[in-house]
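Below: structure.cif (mmCIF, C-alpha atoms)
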```cif
data_entry
loop_
_atom_site.label_atom_id
_atom_site.label_comp_id
_atom_site.auth_asym_id
_atom_site.auth_seq_id
_atom_site.Cartn_x
_atom_site.Cartn_y
_atom_site.Cartn_z
CA MET A 1 0.38 -17.03 23.80
CA PRO A 2 2.34 -20.30 23.45
CA PRO A 3 3.41 -21.24 19.92
CA ALA A 4 1.76 -24.16 18.18
CA ALA A 5 3.69 -27.36 17.58
CA LYS A 6 5.99 -26.59 14.67
CA PRO A 7 6.31 -28.89 11.64
CA SER A 8 9.81 -29.93 10.63
CA GLY A 9 11.63 -28.80 7.50
CA THR A 10 10.66 -25.85 5.34
CA VAL A 11 7.17 -24.62 6.24
CA THR A 12 5.16 -22.50 3.81
CA ARG A 13 1.57 -21.30 3.88
CA PHE A 14 -1.23 -20.00 1.70
CA ALA A 15 -3.58 -17.59 3.46
CA PRO A 16 -6.71 -16.57 1.53
CA SER A 17 -9.30 -14.13 2.83
CA PRO A 18 -12.84 -15.51 2.26
CA THR A 19 -14.40 -12.40 0.76
CA GLY A 20 -14.86 -13.83 -2.75
CA ASP A 21 -14.10 -16.78 -4.97
CA LEU A 22 -10.48 -17.64 -5.70
CA HIS A 23 -9.06 -16.83 -9.13
CA LEU A 24 -6.08 -18.03 -11.15
CA GLY A 25 -3.73 -15.74 -9.28
CA HIS A 26 -4.68 -17.43 -6.02
CA ALA A 27 -4.20 -20.83 -7.66
CA TYR A 28 -0.67 -19.90 -8.67
CA SER A 29 0.20 -18.53 -5.23
CA ALA A 30 -1.12 -21.62 -3.45
CA LEU A 31 0.64 -24.00 -5.84
CA PHE A 32 3.87 -22.00 -5.56
CA ALA A 33 3.83 -22.33 -1.76
CA ALA A 34 2.94 -26.01 -1.81
CA GLU A 35 5.61 -26.85 -4.37
CA ALA A 36 8.27 -24.92 -2.43
CA ALA A 37 7.48 -26.94 0.69
CA ALA A 38 7.45 -30.25 -1.19
CA ARG A 39 10.72 -29.45 -2.96
CA GLU A 40 12.44 -28.82 0.38
CA GLY A 41 10.89 -31.75 2.25
CA GLY A 42 8.65 -29.59 4.40
CA SER A 43 5.02 -28.78 5.08
CA PHE A 44 2.37 -26.63 3.39
CA LEU A 45 -0.14 -24.94 5.70
CA LEU A 46 -3.47 -23.27 4.99
CA ARG A 47 -4.58 -20.26 7.03
CA ILE A 48 -7.85 -18.35 6.76
CA GLU A 49 -7.34 -14.59 7.08
CA ASP A 50 -10.80 -13.51 8.23
CA ILE A 51 -10.15 -10.66 10.64
CA ASP A 52 -12.82 -8.58 8.87
CA VAL A 53 -15.77 -10.55 10.17
CA THR A 54 -18.24 -8.28 8.35
CA ARG A 55 -16.91 -9.17 4.87
CA CYS A 56 -15.60 -12.72 5.36
CA ARG A 57 -18.27 -15.41 5.18
CA PRO A 58 -18.24 -19.14 6.04
CA GLU A 59 -19.91 -20.13 2.78
CA ILE A 60 -17.19 -18.41 0.78
CA GLU A 61 -14.52 -20.10 2.90
CA ALA A 62 -16.13 -23.47 2.13
CA ARG A 63 -16.02 -22.71 -1.61
CA ASN A 64 -12.39 -21.60 -1.36
CA LEU A 65 -11.38 -24.84 0.37
CA GLU A 66 -13.28 -26.90 -2.18
CA ASP A 67 -11.48 -25.17 -5.06
CA LEU A 68 -8.08 -25.74 -3.45
CA ARG A 69 -8.78 -29.42 -2.87
CA TRP A 70 -10.01 -29.72 -6.46
CA LEU A 71 -6.63 -28.36 -7.58
CA GLY A 72 -5.00 -31.26 -5.73
CA LEU A 73 -3.80 -29.43 -2.63
CA ASP A 74 -4.02 -30.72 0.93
CA TRP A 75 -2.87 -29.45 4.29
CA PRO A 76 -2.80 -30.48 7.96
CA GLU A 77 -5.80 -29.80 10.16
CA PRO A 78 -6.92 -27.84 12.02
CA VAL A 79 -6.74 -24.78 9.79
CA ARG A 80 -5.89 -21.59 11.68
CA ARG A 81 -8.68 -19.02 11.36
CA GLN A 82 -7.61 -15.57 12.45
CA SER A 83 -11.09 -14.72 13.76
CA GLU A 84 -10.58 -17.39 16.44
CA HIS A 85 -7.35 -15.84 17.72
CA PHE A 86 -8.06 -12.18 18.46
CA ALA A 87 -6.67 -12.75 21.97
CA ASP A 88 -3.24 -13.49 20.44
CA TYR A 89 -3.25 -10.21 18.54
CA GLN A 90 -4.46 -8.29 21.60
CA ALA A 91 -1.60 -9.72 23.64
CA ALA A 92 0.85 -8.45 21.00
CA LEU A 93 -0.81 -5.03 21.02
CA ASP A 94 -0.57 -4.96 24.81
CA ARG A 95 3.18 -5.61 24.60
CA LEU A 96 3.65 -2.81 22.07
CA GLY A 97 1.52 -0.52 24.20
CA GLU A 98 3.67 -1.25 27.25
CA MET A 99 6.67 -0.14 25.18
CA GLY A 100 4.97 3.21 24.57
CA LEU A 101 4.75 2.57 20.82
CA LEU A 102 1.00 2.85 20.17
CA TYR A 103 -1.44 5.74 20.03
CA ARG A 104 -5.03 6.33 19.01
CA CYS A 105 -5.67 8.42 15.91
CA TYR A 106 -9.23 9.79 15.88
CA LEU A 107 -8.99 11.41 12.46
CA SER A 108 -11.14 9.81 9.77
CA ARG A 109 -9.50 8.77 6.50
CA ARG A 110 -11.03 11.80 4.81
CA GLU A 111 -9.78 14.18 7.51
CA LEU A 112 -6.34 12.62 7.41
CA ASN A 113 -6.12 12.85 3.62
CA GLU A 114 -7.20 16.49 3.67
CA THR A 115 -4.71 17.33 6.41
CA LEU A 116 -1.71 15.55 4.89
CA SER A 117 -2.28 16.21 1.19
CA ALA A 118 -0.29 18.67 -0.86
CA PRO A 119 -2.22 21.39 -2.79
CA HIS A 120 -2.62 19.09 -5.79
CA GLY A 121 -3.92 16.19 -3.71
CA ALA A 122 -0.85 13.95 -3.43
CA PRO A 123 0.34 13.22 0.12
CA GLU A 124 3.75 14.76 0.71
CA THR A 125 4.73 12.38 3.50
CA ALA A 126 3.53 9.17 5.13
CA PRO A 127 1.36 9.89 8.19
CA THR A 128 3.28 10.38 11.44
CA ASP A 129 2.23 11.60 14.90
CA THR A 130 -1.35 12.00 13.67
CA ASP A 131 -2.64 12.15 17.25
CA ARG A 132 -1.03 15.58 17.47
CA LEU A 133 -3.10 16.96 14.58
CA LEU A 134 -6.08 17.34 16.92
CA SER A 135 -6.19 19.64 19.91
CA ASP A 136 -6.26 18.03 23.34
CA GLU A 137 -9.86 19.20 23.73
CA GLU A 138 -11.04 17.76 20.43
CA ARG A 139 -9.25 14.46 21.02
CA ALA A 140 -10.81 14.14 24.50
CA LYS A 141 -14.24 14.96 23.03
CA ARG A 142 -14.00 12.25 20.38
CA GLU A 143 -12.75 9.73 22.92
CA GLU A 144 -15.66 10.51 25.25
CA GLU A 145 -18.12 10.12 22.36
CA GLY A 146 -16.70 6.70 21.49
CA ALA A 147 -15.57 7.83 18.05
CA SER A 148 -13.85 5.44 15.67
CA PHE A 149 -10.08 5.38 15.82
CA ALA A 150 -7.04 3.73 14.30
CA LEU A 151 -4.39 2.33 16.61
CA ARG A 152 -1.09 3.41 15.08
CA LEU A 153 2.53 2.41 15.68
CA ARG A 154 4.76 5.39 16.42
CA MET A 155 7.29 4.53 13.74
CA ALA A 156 10.23 6.75 14.68
CA ARG A 157 10.21 5.53 18.28
CA ALA A 158 9.87 1.89 17.16
CA MET A 159 12.85 2.18 14.82
CA GLU A 160 14.94 3.80 17.53
CA ARG A 161 14.19 0.79 19.70
CA THR A 162 15.23 -1.83 17.12
CA GLY A 163 18.01 -0.12 15.21
CA PRO A 164 18.79 -1.13 11.60
CA LEU A 165 17.15 -4.35 10.41
CA THR A 166 17.55 -6.62 7.41
CA TRP A 167 15.61 -9.46 5.81
CA HIS A 168 16.27 -11.89 2.96
CA ASP A 169 14.26 -12.33 -0.21
CA ARG A 170 15.21 -15.39 -2.24
CA GLY A 171 14.70 -13.51 -5.48
CA LYS A 172 16.25 -10.13 -4.63
CA GLY A 173 18.73 -11.05 -1.92
CA ALA A 174 19.51 -9.14 1.28
CA GLN A 175 17.17 -6.24 2.01
CA GLN A 176 17.50 -3.30 4.37
CA ALA A 177 14.21 -2.86 6.23
CA ARG A 178 12.61 0.52 5.47
CA PRO A 179 9.34 0.55 7.43
CA GLU A 180 9.46 4.33 7.66
CA ILE A 181 8.06 4.54 4.11
CA PHE A 182 4.66 3.67 5.62
CA GLY A 183 4.76 6.23 8.42
CA ASP A 184 2.83 5.39 11.58
CA VAL A 185 1.22 2.23 10.25
CA VAL A 186 -2.22 1.15 11.52
CA LEU A 187 -2.07 -2.04 13.65
CA ALA A 188 -5.74 -2.17 14.71
CA ARG A 189 -8.99 -0.26 14.55
CA ARG A 190 -11.88 0.18 16.93
CA ASP A 191 -14.09 -2.10 14.83
CA ILE A 192 -11.36 -4.56 13.70
CA PRO A 193 -9.04 -5.34 16.63
CA THR A 194 -5.99 -6.20 14.53
CA SER A 195 -4.55 -5.51 11.08
CA TYR A 196 -3.16 -7.55 8.22
CA HIS A 197 0.38 -6.53 9.18
CA LEU A 198 0.10 -7.54 12.83
CA SER A 199 -1.92 -10.73 12.39
CA VAL A 200 0.11 -12.16 9.51
CA THR A 201 3.41 -11.51 11.26
CA LEU A 202 2.27 -13.11 14.49
CA ASP A 203 0.58 -16.05 12.75
CA ASP A 204 3.67 -16.89 10.70
CA ALA A 205 5.69 -17.05 13.91
CA LEU A 206 3.12 -19.05 15.88
CA GLN A 207 2.71 -21.55 13.03
CA GLY A 208 6.44 -22.01 12.52
CA VAL A 209 6.47 -20.70 8.95
CA THR A 210 10.07 -20.62 7.72
CA LEU A 211 9.48 -19.44 4.13
CA VAL A 212 6.85 -16.82 3.34
CA THR A 213 5.85 -17.01 -0.32
CA ARG A 214 3.46 -14.38 -1.70
CA GLY A 215 2.91 -12.02 -4.60
CA GLU A 216 5.37 -9.27 -5.46
CA ASP A 217 2.64 -6.72 -4.69
CA LEU A 218 3.30 -7.46 -1.00
CA PHE A 219 7.07 -7.01 -1.22
CA GLU A 220 7.11 -3.61 0.50
CA ALA A 221 4.86 -4.85 3.34
CA THR A 222 7.74 -7.05 4.46
CA HIS A 223 9.54 -3.95 5.77
CA ILE A 224 6.77 -3.54 8.36
CA HIS A 225 6.69 -7.23 9.19
CA ARG A 226 10.43 -7.26 9.85
CA LEU A 227 10.04 -4.37 12.29
CA LEU A 228 7.21 -6.12 14.14
CA GLN A 229 9.29 -9.30 14.38
CA ALA A 230 12.09 -7.36 16.03
CA LEU A 231 9.77 -5.54 18.44
CA LEU A 232 7.95 -8.72 19.51
CA GLY A 233 10.98 -11.01 19.58
CA LEU A 234 9.71 -13.26 16.77
CA PRO A 235 11.77 -15.48 14.45
CA VAL A 236 12.57 -14.14 10.97
CA PRO A 237 11.60 -16.39 8.04
CA ASP A 238 12.95 -16.28 4.51
CA TYR A 239 10.76 -14.57 1.90
CA GLN A 240 10.08 -15.21 -1.75
CA HIS A 241 7.85 -12.82 -3.68
CA HIS A 242 6.59 -14.28 -6.94
CA GLY A 243 5.20 -12.72 -10.11
CA LEU A 244 1.51 -11.95 -10.64
CA LEU A 245 -1.13 -12.94 -13.15
CA ARG A 246 -2.66 -9.95 -14.93
CA ASP A 247 -5.69 -9.14 -17.04
CA MET A 248 -5.51 -7.91 -20.62
CA THR A 249 -5.01 -4.31 -19.44
CA GLY A 250 -1.98 -5.32 -17.38
CA LYS A 251 -3.73 -5.04 -14.01
CA ARG A 252 -3.23 -7.85 -11.51
CA LEU A 253 -6.14 -10.21 -11.09
CA ALA A 254 -8.49 -9.24 -8.27
CA LYS A 255 -11.61 -10.69 -6.66
CA ARG A 256 -13.49 -7.43 -7.07
CA HIS A 257 -13.13 -7.71 -10.85
CA GLN A 258 -14.34 -11.36 -10.87
CA SER A 259 -11.07 -12.32 -12.53
CA ALA A 260 -10.90 -15.84 -13.97
CA ALA A 261 -12.57 -17.52 -10.98
CA ILE A 262 -11.52 -21.12 -10.47
CA ARG A 263 -15.18 -22.11 -9.95
CA ASP A 264 -16.12 -20.66 -13.34
CA LEU A 265 -13.30 -22.57 -15.02
CA ARG A 266 -14.47 -25.75 -13.29
CA ALA A 267 -18.02 -25.12 -14.52
CA GLU A 268 -16.69 -24.77 -18.07
CA GLY A 269 -15.37 -28.33 -17.82
CA LEU A 270 -11.65 -27.64 -17.41
CA THR A 271 -9.62 -30.22 -15.50
CA PRO A 272 -7.38 -29.44 -12.52
CA GLU A 273 -4.36 -30.08 -14.75
CA GLU A 274 -5.59 -27.54 -17.29
CA VAL A 275 -6.25 -24.90 -14.66
CA ARG A 276 -2.85 -25.47 -13.08
CA GLY A 277 -1.33 -25.01 -16.52
CA MET A 278 -3.12 -21.66 -16.89
CA ALA A 279 -1.78 -20.39 -13.55
CA VAL A 280 1.44 -18.85 -14.82
CA PRO A 281 2.87 -15.55 -13.49
CA ASP A 282 2.95 -12.47 -15.73
CA ARG A 283 0.44 -14.19 -18.02
CA PHE A 284 -2.38 -12.08 -19.40
CA VAL A 285 -5.82 -13.51 -18.64
CA GLU A 286 -9.00 -12.51 -20.47
#
```

Please express the file's structure as C-alpha cells.
Amino acid sequence: MPPAAKPSGTVTRFAPSPTGDLHLGHAYSALFAAEAAAREGGSFLLRIEDIDVTRCRPEIEARNLEDLRWLGLDWPEPVRRQSEHFADYQAALDRLGEMGLLYRCYLSRRELNETLSAPHGAPETAPTDTDRLLSDEERAKREEEGASFALRLRMARAMERTGPLTWHDRGKGAQQARPEIFGDVVLARRDIPTSYHLSVTLDDALQGVTLVTRGEDLFEATHIHRLLQALLGLPVPDYQHHGLLRDMTGKRLAKRHQSAAIRDLRAEGLTPEEVRGMAVPDRFVE
C-alpha cells in the first residue's frame, strides 16, 4: 500500500459522492478548499467517494465533474476513485484485525436499536461490544447462514492502545480527540467492504492531504479519524470546518431535497460568477 507521489505545499481536496447532482453547498465547499490551497501555494485535489457502488453512478459523476469545471475549478489527474482501491482499505482492516481491534456484529440496525434504546426510544449509550449481545449459538448460526454483518472497531481497546490524542482545527484550535462518543464505530459491512471513516482517513494520508476542509457537520467525525490515524501510523493533517448553506427552514442543503442544484442554476442562465456569489455559508437558499 505505497503512498502516491505527494504534491508540495498545502494540499486540500474536495470529495463528492456521485449519488446526485451537486448543489450550492457543494460549490462552496469545493471553492473553499481550492482557495485555501491557492492562498497557501499548494494543490487542490478531487476525489470521488463511491464506495457504495449500488448508489453511485458514472453518469452522475460525469455531471458532477462538468459542474465543477463550469465553476472554474481544475485539478490534477488521475482522480482517485475509492471504488478502485478496495484493496487499500482491506489492507488497513487486516492491520486492525491483527491488533485484535475488530469484530463482527450480526445484529441488524433494527435489532440494535431495540436492544440499546431506553424505554422512550432514545439510545442511552453509543453501541459497544455488540457482538456480546447475541449468544454464542445464535452468532454461530448467523455466521453459518452468511448473514449480513457490520465490522466494528472495539473502541475501548483501541483507545487503550493509542492513549490520549489531539488534533487541530483552524477555527476552533486544539481539540482533544473523543472517539468514544461514537462507541464501536462501523468500519466496514459485508456488502460494502469499507466505511466513510476508514476510506477518507486512509485516502487523505495516501494522497498527501495536509489540510482537510469540510462542513461543520463533519466536525465530530474528526475524533474517529484521529484515532484511525494513530492506530495505522498515518500523518495528521490540519482541519478547517466551514459553515453550511441552509434552506429557508434552517436545514442544511442536501441532495435528497434537490437543494439549489448547480445544473438547475446553469439552466436558468446564471453565470459561474453569479453562482459562486450565491455560495455563501449560513445563507438561506429557497

Open item on the list: When you count all atoms listed in the file, which of these residues is closest to His223 in chain A: A:Ala62, A:Ala177, A:Ala147, A:Ala30?
Closed with: A:Ala177

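Distances here use all atoms listed in the file; by that measure, the residue among A:Ala38, A:Leu265, A:Ala92, A:Leu227 closest to Phe182 in chain A is A:Leu227.
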
TODO: Just say which residues the PyMOL selection byres ((chain A and resi 23) around 7) picks in this file, as a PyMOL selection string.
DONE: chain A and resi 21-22+24-27+259-262

Open item on the list: Rounded to one decimal, what separation in Å do you get between CA of Arg80 in chain A and CA of Asp50 in chain A?
Closed with: 10.1 Å

- [ ] Within 8 Å of (1.2, 7.0, 13.2) (coordinates as in the file), grab all the protein and nucleic acid residues, counting only C-alpha atoms, and write them out as a PyMOL selection string.
- [x] chain A and resi 103+105+127-131+152-155+183-186

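Taking all atoms listed in the file into account, the protein, DNA and RNA residues within 10 Å of (10.9, -16.8, -2.6) read Phe32, Ala33, Ala36, His168, Asp169, Arg170, Gly171, Lys172, Gly173, Leu211, Val212, Thr213, Arg214, Gly215, Glu216, Asp238, Tyr239, Gln240, His241 and His242 of chain A.
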
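Among the candidates A:Ser17, A:Thr10, A:Thr166, A:Ser83, the residue lying nearest to Ser43 in chain A is A:Thr10 (atoms considered: all atoms listed in the file).
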
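Each of A:Leu234, A:Ile181, A:Ala126, A:Leu133 was checked against Ser108 in chain A using only C-alpha atoms; the smallest atom-to-atom distance is that of A:Leu133.
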
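Using all atoms listed in the file, the smallest distance between any of A:Arg47, A:Thr162, A:Glu145, A:Asp136 and Met99 in chain A comes from A:Thr162.
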
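Rounded to one decimal, CA of Gly277 in chain A and CA of Arg13 in chain A lie 20.9 Å from each other.
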
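The list of residues with at least one atom within 9 Å of Arg226 in chain A, based on all atoms listed in the file and without residues fewer than 6 positions apart in the same chain, reads A:Leu165, A:Thr166, A:Trp167, A:Ala177, A:Pro179, A:Thr201, A:Val236.
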
Could you work out an axis-aligned bounding box for all listed atoms of range 11-23 of chain A, with 4 Å added on each of the six sides, and give its centre and edge lengths in Å to one decimal, as JSON?
```
{"center_x": -3.8, "center_y": -18.5, "center_z": -1.4, "size_x": 30.0, "size_y": 20.2, "size_z": 23.4}
```

- [ ] Calculate how many Å separate CA of Leu68 in chain A from CA of Gly243 in chain A, rounding to one decimal.
- [x] 19.8 Å

- [ ] May I ask which of the residues A:Phe149, A:Gln229, A:Glu273, A:Leu245 is the closest one to Ser29 in chain A, counting only C-alpha atoms?
- [x] A:Leu245

Do you know which residues are at most 7 Å from range 190-196 of chain A counting all atoms listed in the file, after dropping those on the same chain fewer than 5 positions away, and could you put them as a short mmCIF file (atom, residue, chain, number, x, y, z; two decimals) with C-alpha atoms, in the coordinates of the input?
```cif
data_model
loop_
_atom_site.label_atom_id
_atom_site.label_comp_id
_atom_site.auth_asym_id
_atom_site.auth_seq_id
_atom_site.Cartn_x
_atom_site.Cartn_y
_atom_site.Cartn_z
CA ILE A 51 -10.15 -10.66 10.64
CA ASP A 52 -12.82 -8.58 8.87
CA TYR A 89 -3.25 -10.21 18.54
CA SER A 148 -13.85 5.44 15.67
CA PHE A 149 -10.08 5.38 15.82
CA ALA A 150 -7.04 3.73 14.30
#
```
